[in-house]
Every structure is written in structure tokens, then in C-alpha cells.
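A quick write-up on the structure given underneath.
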Amino acid sequence: MRGDVAAAVNTVKPVYARRRPFLVDDGPVCQPRAALEPSFDYLSGHTGWGTSVSLILAELIPTRATALLAQARDYGDSRVICGAHNASAVAAGRQAAAAVIARLHGDAAFRHDLDIARQELAREPE
């Protein structure tokens with residue numbers, strides 16, 4: 001799944017080539033600037049990954065879905081609060097994640113892996 005999410009994000013970033021917010025308007029950022037400067041703002045890869053993982057975990061553990069999805073939302077929001085992304089980049093990361101996960105559900109190998117994960121979780125006490 002990681003490769004699918006990364007491909008979706010990394011294909012779009014250079015198309016828009018939008019500079020990160022702290023490069024446009026001087027502002028604080030909670031990560032080393034040098035680590036962020038080489039990559040683009042739109043769309044948020046961290047948000048895409050966090051949302052993708054939470055969507056799958058929410059599907060696998062529906063009793064914890066609300067908390068898992070809330071954590072993913074907070075993770076994406078933290079990218080704006082941190083100064084690494086604009087809100088629209090985070091929203092696009094969430095949309096990309098939803099699209100990737102929807103597409104993966106059409107893949108037999110992915111569904112097989114999901115079934116194996118379900119079986120493993122069924123053996124574990126919640």
C-alpha cells in the first residue's frame with residue numbers, strides 16, 4: 001500500500017509545484033526547514049499516508065474506527081499547524097488516500113492481504 005500512496009502523491013506534487021507556506025510567507029515551521037524545502041506543498045504525503053493507514057485500520061477494527069479516523073484527521077491538521085502545508089494540501093492528501101484505498105479494494109491481492117490481516121486480528125484479544 002505504501003508504494004501506491006507514494007505514487008499517487010509523488011505524481012501530483014511536481015505538476016502543481018506549489019511552494020510550502022513558510023517559503024511564501026515567513027512563518028514558523030516545526031521541522032527542519034532544510035528537510036522540507038526540496039519538496040512541494042501540494043499535496044500532503046504525510047496526510048495521504050496517515051489517512052490511508054487509518055482507513056484500513058478502521059475497516060479492520062470497526063470498534064475503533066472513530067478514534068482511528070480522528071487520529072488521522074489530527075495528524076493531517078498538524079501538518080498545517082506545524083507550518084509544513086497549507087490546508088488545501090492536507091485536504092488533497094485525504095482525498096488522494098481515499099481514492100487509492102478505493103482503487104486497492106478492486107485488487108485481488110490487496111483484498112487477500114486484508115483478509116489475512118482480519119484473520120490475524122480475530123485471534124488477538126481487543
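In the C-alpha cells, each chain is lettered A, B, ... as it comes, each chain's residues begin at 1, and ligands are numbered from 1 in order of appearance.
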Surrounding residues of region 109-116 of chain A excluding itself and chain neighbours under 6 positions, 12 Å, only C-alpha atoms, as an MDAnalysis selection string | chainID A and resid 1:2 4 56:61 100:103 122:123
For Pro14 (chain A), work out the shell of residues within 10 Å, counting only C-alpha atoms and skipping chain neighbours fewer than 5 positions away, then give it as a PDB file with all heavy atoms, in the first residue's frame.
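Dumped everything to part.pdb:
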ATOM      1  N   VAL A   9       0.845  10.481  -4.588  1.00  0.00           N
ATOM      2  CA  VAL A   9       1.306  11.789  -4.096  1.00  0.00           C
ATOM      3  C   VAL A   9       2.435  12.334  -4.961  1.00  0.00           C
ATOM      4  O   VAL A   9       2.400  13.484  -5.407  1.00  0.00           O
ATOM      5  CB  VAL A   9       1.773  11.666  -2.626  1.00  0.00           C
ATOM      6  CG1 VAL A   9       2.502  12.920  -2.174  1.00  0.00           C
ATOM      7  CG2 VAL A   9       0.585  11.366  -1.717  1.00  0.00           C
ATOM      8  N   SER A  39      10.928  19.642  -1.263  1.00  0.00           N
ATOM      9  CA  SER A  39       9.678  19.059  -1.770  1.00  0.00           C
ATOM     10  C   SER A  39       8.557  20.090  -1.745  1.00  0.00           C
ATOM     11  O   SER A  39       8.645  21.113  -1.077  1.00  0.00           O
ATOM     12  CB  SER A  39       9.286  17.827  -0.956  1.00  0.00           C
ATOM     13  OG  SER A  39       8.970  18.186   0.360  1.00  0.00           O
ATOM     14  N   PHE A  40       7.506  19.794  -2.469  1.00  0.00           N
ATOM     15  CA  PHE A  40       6.414  20.743  -2.641  1.00  0.00           C
ATOM     16  C   PHE A  40       5.317  20.567  -1.596  1.00  0.00           C
ATOM     17  O   PHE A  40       5.200  19.534  -0.955  1.00  0.00           O
ATOM     18  CB  PHE A  40       5.823  20.610  -4.050  1.00  0.00           C
ATOM     19  CG  PHE A  40       6.794  20.932  -5.141  1.00  0.00           C
ATOM     20  CD1 PHE A  40       7.233  19.949  -6.011  1.00  0.00           C
ATOM     21  CD2 PHE A  40       7.286  22.219  -5.290  1.00  0.00           C
ATOM     22  CE1 PHE A  40       8.131  20.240  -7.019  1.00  0.00           C
ATOM     23  CE2 PHE A  40       8.189  22.526  -6.293  1.00  0.00           C
ATOM     24  CZ  PHE A  40       8.609  21.533  -7.162  1.00  0.00           C
ATOM     25  N   ASP A  41       4.510  21.609  -1.480  1.00  0.00           N
ATOM     26  CA  ASP A  41       3.407  21.663  -0.527  1.00  0.00           C
ATOM     27  C   ASP A  41       2.249  20.761  -0.919  1.00  0.00           C
ATOM     28  O   ASP A  41       1.710  20.031  -0.096  1.00  0.00           O
ATOM     29  CB  ASP A  41       2.925  23.128  -0.425  1.00  0.00           C
ATOM     30  CG  ASP A  41       1.643  23.282   0.361  1.00  0.00           C
ATOM     31  OD1 ASP A  41       1.586  22.787   1.501  1.00  0.00           O
ATOM     32  OD2 ASP A  41       0.692  23.887  -0.165  1.00  0.00           O
ATOM     33  N   TYR A  42       1.862  20.825  -2.170  1.00  0.00           N
ATOM     34  CA  TYR A  42       0.595  20.217  -2.605  1.00  0.00           C
ATOM     35  C   TYR A  42       0.837  18.931  -3.341  1.00  0.00           C
ATOM     36  O   TYR A  42       1.544  18.932  -4.338  1.00  0.00           O
ATOM     37  CB  TYR A  42      -0.136  21.199  -3.531  1.00  0.00           C
ATOM     38  CG  TYR A  42      -1.539  20.799  -3.873  1.00  0.00           C
ATOM     39  CD1 TYR A  42      -2.583  21.142  -3.032  1.00  0.00           C
ATOM     40  CD2 TYR A  42      -1.814  20.098  -5.023  1.00  0.00           C
ATOM     41  CE1 TYR A  42      -3.882  20.787  -3.347  1.00  0.00           C
ATOM     42  CE2 TYR A  42      -3.108  19.739  -5.343  1.00  0.00           C
ATOM     43  CZ  TYR A  42      -4.133  20.089  -4.501  1.00  0.00           C
ATOM     44  OH  TYR A  42      -5.421  19.734  -4.799  1.00  0.00           O
ATOM     45  N   LEU A  43       0.408  17.891  -2.905  1.00  0.00           N
ATOM     46  CA  LEU A  43      -0.464  17.552  -1.814  1.00  0.00           C
ATOM     47  C   LEU A  43       0.346  16.928  -0.685  1.00  0.00           C
ATOM     48  O   LEU A  43       1.454  16.502  -0.890  1.00  0.00           O
ATOM     49  CB  LEU A  43      -1.596  16.638  -2.285  1.00  0.00           C
ATOM     50  CG  LEU A  43      -1.219  15.371  -3.065  1.00  0.00           C
ATOM     51  CD1 LEU A  43      -0.933  14.183  -2.210  1.00  0.00           C
ATOM     52  CD2 LEU A  43      -2.320  15.041  -4.029  1.00  0.00           C
TER      53      LEU A  43
END
Nearest-residue call for Gly3 (chain A), choices A:Thr63, A:Ser44, A:Ser52, A:Ser78, using only C-alpha atoms =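 For Gly3 (chain A), the nearest of the candidates is A:Ser52.
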Excluding Val24 (chain A) and residues on its chain fewer than 5 positions from it, collect all residues at most 12 Å away from it, counting only C-alpha atoms, and give them as a list of chain:residue names.
-> A:Arg18, A:Arg19, A:Glu37, A:Phe40, A:Asp41, A:Gly83, A:Ala84, A:His85, A:Asn86
Within 12 Å of Asp74 (chain A) using only C-alpha atoms, minus same-chain residues under 2 positions, as a PyMOL selection string = chain A and resi 46-47+50-51+54+67-72+76-82+90+94
What is the distance, in Å and to one decimal place, between CA of Ala108 (chain A) and CA of Ala8 (chain A)?
-> 19.6 Å
Taking into account only C-alpha atoms, which residue in the set A:Ala91, A:Ala97, A:Ala7, A:Leu36 is nearest to Arg20 (chain A)?
->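 Distance minimum relative to Arg20 (chain A) lands on A:Leu36.
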